[in-house]
>>> print(open('my_file_39.txt').read())   # compact mmCIF, C-alpha atoms
# COMPACT_ATOMS: atom_id res chain seq x y z
CA MET A 1 -7.29 -14.21 89.19
CA THR A 2 -4.66 -11.47 89.19
CA ALA A 3 -1.51 -11.79 91.27
CA LEU A 4 0.89 -9.00 92.06
CA GLY A 5 4.23 -9.31 93.76
CA PRO A 6 7.31 -7.20 94.53
CA ARG A 7 9.87 -9.45 92.87
CA GLY A 8 11.80 -6.84 90.98
CA PRO A 9 10.93 -4.80 87.89
CA ALA A 10 8.58 -6.37 85.40
CA PHE A 11 9.55 -3.70 82.91
CA LYS A 12 12.91 -2.04 82.74
CA GLY A 13 14.06 1.11 81.05
CA ASP A 14 15.79 0.83 77.70
CA ASN A 15 19.25 1.43 79.21
CA GLY A 16 18.58 0.81 82.91
CA ARG A 17 19.43 4.40 83.83
CA SER A 18 17.28 6.80 85.78
CA ALA A 19 16.89 10.42 84.70
CA HIS A 20 17.89 13.10 87.21
CA ARG A 21 15.60 15.87 86.08
CA PRO A 22 12.47 17.54 87.40
CA ALA A 23 9.40 15.33 87.08
CA ASN A 24 7.94 17.49 84.35
CA GLN A 25 10.99 17.02 82.13
CA LEU A 26 11.70 13.32 82.50
CA ARG A 27 11.67 11.27 79.36
CA PRO A 28 13.11 7.90 78.34
CA PRO A 29 16.05 8.05 75.89
CA LEU A 30 15.90 6.77 72.33
CA PRO A 31 18.41 3.94 71.78
CA PRO A 32 21.11 3.49 70.69
CA GLN A 33 22.20 6.96 71.81
CA PRO A 34 20.86 8.90 74.83
CA ILE A 35 18.93 12.09 74.30
CA SER A 36 20.73 15.07 75.75
CA GLU A 37 19.21 18.35 76.82
CA PRO A 38 17.49 20.14 73.92
CA SER A 39 19.53 22.70 72.06
CA GLU A 40 18.46 26.31 71.61
CA GLU A 41 16.35 25.40 68.60
CA HIS A 42 13.57 23.39 70.15
CA ALA A 43 10.47 23.85 68.03
CA HIS A 44 6.95 23.13 69.15
CA CYS A 45 3.87 22.69 67.00
CA GLY A 46 0.21 22.23 67.71
CA PRO A 47 -2.31 20.10 65.79
CA GLY A 48 -2.57 22.22 62.64
CA GLY A 49 0.85 21.40 61.20
CA GLY A 50 3.83 23.66 60.48
CA VAL A 51 5.80 25.52 63.13
CA ALA A 52 4.18 27.49 65.91
CA GLY A 53 6.34 30.60 65.92
CA GLY A 54 7.94 31.44 69.24
CA ALA A 55 6.42 28.47 71.06
CA HIS A 56 8.68 26.15 73.00
CA ALA A 57 8.05 22.97 75.00
CA ARG A 58 10.72 20.98 76.81
CA ASP A 59 8.62 17.85 76.82
CA GLY A 60 5.05 16.92 75.86
CA ARG A 61 4.43 15.22 79.21
CA SER A 62 4.86 18.36 81.30
CA ARG A 63 1.12 18.98 81.52
CA ARG A 64 0.34 16.10 83.92
CA ALA A 65 1.90 15.03 87.20
CA GLY A 66 -0.83 15.41 89.77
CA PRO A 67 -3.28 13.11 91.52
CA GLY A 68 -5.13 10.78 89.19
CA SER A 69 -2.44 10.96 86.55
CA GLY A 70 -0.78 7.70 87.54
CA ALA A 71 2.18 9.63 88.93
CA GLY A 72 2.14 7.61 92.15
CA ILE A 73 5.14 7.70 94.47
CA GLU A 74 6.65 11.17 94.96
CA GLY A 75 4.88 12.50 91.85
CA CYS A 76 7.25 10.72 89.47
CA PRO A 77 5.48 9.58 86.27
CA PHE A 78 4.76 5.86 86.30
CA GLU A 79 6.56 5.20 83.02
CA GLU A 80 9.73 6.80 84.40
CA ARG A 81 9.81 4.39 87.32
CA SER A 82 8.75 1.27 85.43
CA GLY A 83 10.36 1.87 82.05
CA VAL A 84 8.61 1.96 78.69
CA VAL A 85 7.68 -0.86 76.33
CA PRO A 86 8.68 0.42 72.88
CA CYS A 87 7.84 -0.85 69.41
CA GLY A 88 10.74 -0.31 67.03
CA THR A 89 10.18 1.02 63.52
CA PRO A 90 12.43 1.88 60.54
CA TRP A 91 12.36 5.55 61.54
CA GLY A 92 12.53 5.20 65.34
CA ARG A 93 9.99 3.86 67.84
CA TRP A 94 6.60 4.41 69.46
CA TYR A 95 5.19 3.49 72.87
CA GLN A 96 2.14 4.26 74.97
CA THR A 97 0.75 4.96 78.41
CA LEU A 98 -2.86 4.96 79.59
CA GLU A 99 -3.32 8.51 78.34
CA GLU A 100 -0.78 9.11 75.59
CA VAL A 101 1.04 7.70 72.60
CA PHE A 102 4.66 8.78 72.11
CA ILE A 103 6.38 8.73 68.71
CA GLU A 104 10.12 9.31 68.36
CA VAL A 105 11.45 9.85 64.84
CA ARG A 106 15.16 10.07 64.05
CA VAL A 107 15.97 12.77 61.50
CA PRO A 108 19.25 13.83 59.85
CA PRO A 109 21.55 15.75 62.22
CA GLY A 110 21.23 19.47 61.69
CA THR A 111 17.52 19.38 60.82
CA ARG A 112 15.90 22.76 61.47
CA ALA A 113 12.34 23.56 62.48
CA LYS A 114 11.61 25.12 59.11
CA ASP A 115 12.43 21.77 57.46
CA VAL A 116 9.63 20.01 59.36
CA ARG A 117 6.01 19.72 58.29
CA CYS A 118 3.82 17.87 60.77
CA SER A 119 0.04 17.53 60.79
CA LEU A 120 -1.75 15.94 63.75
CA ARG A 121 -5.46 15.24 63.52
CA SER A 122 -7.84 13.03 65.46
CA ARG A 123 -7.31 9.93 63.31
CA HIS A 124 -4.57 11.00 60.94
CA ILE A 125 -0.89 11.89 61.15
CA SER A 126 1.64 13.07 58.59
CA LEU A 127 5.29 14.02 59.00
CA ALA A 128 7.74 15.21 56.35
CA VAL A 129 11.29 16.52 56.71
CA CYS A 130 12.97 18.47 53.91
CA GLY A 131 10.15 17.42 51.61
CA GLN A 132 10.62 13.71 52.33
CA GLU A 133 7.62 11.95 53.83
CA LEU A 134 8.55 9.89 56.88
CA LEU A 135 5.20 9.01 58.37
CA GLN A 136 1.62 9.26 57.12
CA GLY A 137 -1.62 7.39 57.63
CA LYS A 138 -4.68 6.70 59.73
CA LEU A 139 -4.00 6.24 63.42
CA PHE A 140 -4.96 3.05 65.23
CA ASP A 141 -7.54 4.92 67.33
CA SER A 142 -8.82 8.45 67.81
CA THR A 143 -6.86 11.16 69.64
CA VAL A 144 -7.65 14.58 71.08
CA THR A 145 -6.62 16.94 68.30
CA ASP A 146 -5.98 20.00 70.46
CA GLU A 147 -3.60 18.04 72.73
CA GLY A 148 -1.30 16.74 69.97
CA THR A 149 2.20 18.25 69.94
CA TRP A 150 5.56 17.71 68.29
CA THR A 151 9.01 18.92 69.26
CA LEU A 152 12.37 19.01 67.49
CA GLU A 153 15.16 18.10 69.88
CA ASP A 154 18.88 18.56 69.31
CA ARG A 155 18.15 18.94 65.59
CA GLN A 156 18.13 15.16 65.27
CA LEU A 157 14.96 13.86 66.94
CA ILE A 158 11.28 14.65 66.48
CA ARG A 159 9.08 13.67 69.41
CA ILE A 160 5.32 13.53 68.83
CA VAL A 161 2.87 13.20 71.72
CA LEU A 162 -0.75 12.21 71.07
CA MET A 163 -3.50 12.21 73.70
CA LYS A 164 -5.77 9.18 73.51
CA THR A 165 -9.51 9.80 73.38
CA ASN A 166 -10.16 6.47 75.11
CA ARG A 167 -7.87 6.32 78.15
CA ASP A 168 -9.09 3.02 79.53
CA ALA A 169 -6.50 0.34 80.35
CA GLY A 170 -8.23 -1.98 77.88
CA ASN A 171 -7.46 0.41 75.02
CA CYS A 172 -4.01 -0.91 74.23
CA TRP A 173 -2.90 0.15 70.76
CA THR A 174 -1.52 -2.87 68.94
CA SER A 175 -0.15 -0.73 66.11
CA LEU A 176 0.56 2.94 65.54
CA LEU A 177 -1.32 3.16 62.26
CA GLU A 178 -4.07 0.94 60.95
CA ASN A 179 -2.26 -2.14 59.57
CA GLU A 180 1.18 -0.53 59.89
CA TYR A 181 3.92 -0.34 62.53
CA ALA A 182 2.31 -3.12 64.56
CA ALA A 183 3.95 -4.43 67.70
CA ASP A 184 4.79 -8.13 67.62
CA PRO A 185 2.71 -10.42 69.90
CA TRP A 186 5.27 -10.40 72.72
CA VAL A 187 5.55 -6.60 72.73
CA GLN A 188 1.75 -6.29 72.61
CA ASP A 189 1.52 -8.55 75.65
CA GLN A 190 4.08 -6.46 77.55
CA MET A 191 2.29 -3.26 76.57
CA GLN A 192 -0.99 -4.59 77.95
CA ARG A 193 0.70 -5.75 81.16
CA LYS A 194 2.14 -2.29 81.66
CA LEU A 195 -1.16 -0.49 81.04
CA THR A 196 -2.84 -2.79 83.56
CA LEU A 197 -0.18 -2.00 86.19
CA GLU A 198 -0.53 1.70 85.40
CA ARG A 199 -4.27 1.35 85.95
CA PHE A 200 -3.64 -0.28 89.36
CA GLN A 201 -1.22 2.55 90.17
CA ARG A 202 -3.84 5.15 89.35
CA GLU A 203 -6.48 3.40 91.44
CA ASN A 204 -4.06 2.94 94.38
CA PRO A 205 -1.77 6.02 94.42
CA GLY A 206 -0.38 5.13 97.84
CA PHE A 207 1.34 2.01 96.48
CA ASP A 208 4.16 1.61 93.99
CA PHE A 209 3.34 -0.85 91.21
CA SER A 210 6.30 0.08 88.99
CA GLY A 211 8.29 -2.99 90.05
CA ALA A 212 5.37 -5.41 90.33
CA GLU A 213 4.85 -8.60 88.35
CA ILE A 214 1.43 -9.51 87.06
CA SER A 215 -0.05 -12.76 85.80
CA GLY A 216 -3.49 -14.19 85.14
CA ASN A 217 -6.28 -12.12 83.67
CA TYR A 218 -4.75 -8.80 82.62
CA SER A 219 -6.12 -8.68 79.06
CA LYS A 220 -8.40 -5.73 78.32
CA GLY A 221 -6.99 -3.91 81.34
CA GLY A 222 -7.48 -6.61 83.98
CA PRO A 223 -10.48 -7.47 86.16
CA ASP A 224 -13.14 -4.92 87.07
CA PHE A 225 -13.25 -4.28 90.83
CA SER A 226 -15.75 -1.41 90.67
CA SER A 227 -18.62 -3.55 92.01
CA LEU A 228 -16.67 -4.72 95.07
CA GLU A 229 -17.24 -3.09 98.43
CA LYS A 230 -14.31 -1.19 99.85
>>> encode(input="my_file_39.txt", output="structure tokens")
Amino acid sequence: MTALGPRGPAFKGDNGRSAHRPANQLRPPLPPQPISEPSEEHAHCGPGGGVAGGAHARDGRSRRAGPGSGAGIEGCPFEERSGVVPCGTPWGRWYQTLEEVFIEVRVPPGTRAKDVRCSLRSRHISLAVCGQELLQGKLFDSTVTDEGTWTLEDRQLIRIVLMKTNRDAGNCWTSLLENEYAADPWVQDQMQRKLTLERFQRENPGFDFSGAEISGNYSKGGPDFSSLEK
């Protein structure tokens, strides 16, 4: 039995602040320091690795904000209203939504686009900066290769966005790579709670589930109501 209630946020942002930007540019900051507006050098790369010359992208989430995307109230992305559930790593953090996996990697200040080598494939990722490998291995689950992007922001942060192949609420990644960068049991539980609420938000766009609490059966995305009459 699943119970929902309006008793305040179940998930809060990392610093409790709300971003005052257009919906297609909102993004949660990386602690301990907030992420400011990208500098002039803001590189963008597609799935093949290297730098896509002349291409720029303010944020990997700009491609979705319409009906069916989980945007909900006033078109604001669900994760911006409810906060993210991050998993910390030695190089930064990663977190997920129903559709995407976000990876934020801290790099030395002053890093330039030409110093970055990033390869994004369906089940494999590799990232090196100035010849030093920061991240490499087989992903927890498959992704859509053509939708993978990375951006260099303020010459000190690399943000990678991966599109999940399986976008069901039950597909909660418990680790970024197979057997590496796993979320602890509590974080895994919070991630699954959030994906379940995001699923409810998508199925009921007229309601705001960002501040709801959930208990009971929410594992594997919560109960299936598809067979119930409306």
>>> residues_around(input="my_file_39.txt", residues="Leu162 (chain A)", least_positions_apart="5", cutoff="7 Å", atoms="only C-alpha atoms", output="list in words")
Glu100, Val101, Phe102, Thr143, Glu147, Gly148 and Thr149 of chain A
>>> closest_residue(input="my_file_39.txt", among="A:Thr97, A:Thr165, A:Gln201, A:Thr89", to="Arg121 (chain A)", atoms="all atoms listed in the file")
A:Thr165
>>> atom_distance(input="my_file_39.txt", atom1="CA of Gln190 (chain A)", atom2="CA of Arg106 (chain A)")
24.0 Å
>>> residues_around(input="my_file_39.txt", residues="Leu98 (chain A)", least_positions_apart="2", cutoff="10 Å", atoms="all atoms listed in the file", output="PyMOL selection string")
chain A and resi 69-70+96+100-101+163-164+166-172+192+194-199+202+221
>>> atom_distance(input="my_file_39.txt", atom1="CA of Ser126 (chain A)", atom2="CA of Leu139 (chain A)")
10.1 Å
>>> atom_distance(input="my_file_39.txt", atom1="CA of Arg112 (chain A)", atom2="CA of Pro86 (chain A)")
26.1 Å
>>> residues_around(input="my_file_39.txt", residues="Tyr95 (chain A)", least_positions_apart="4", cutoff="10 Å", atoms="only C-alpha atoms", output="ChimeraX atom specification")
/A:84-88,100-104,173,175-176,183,191
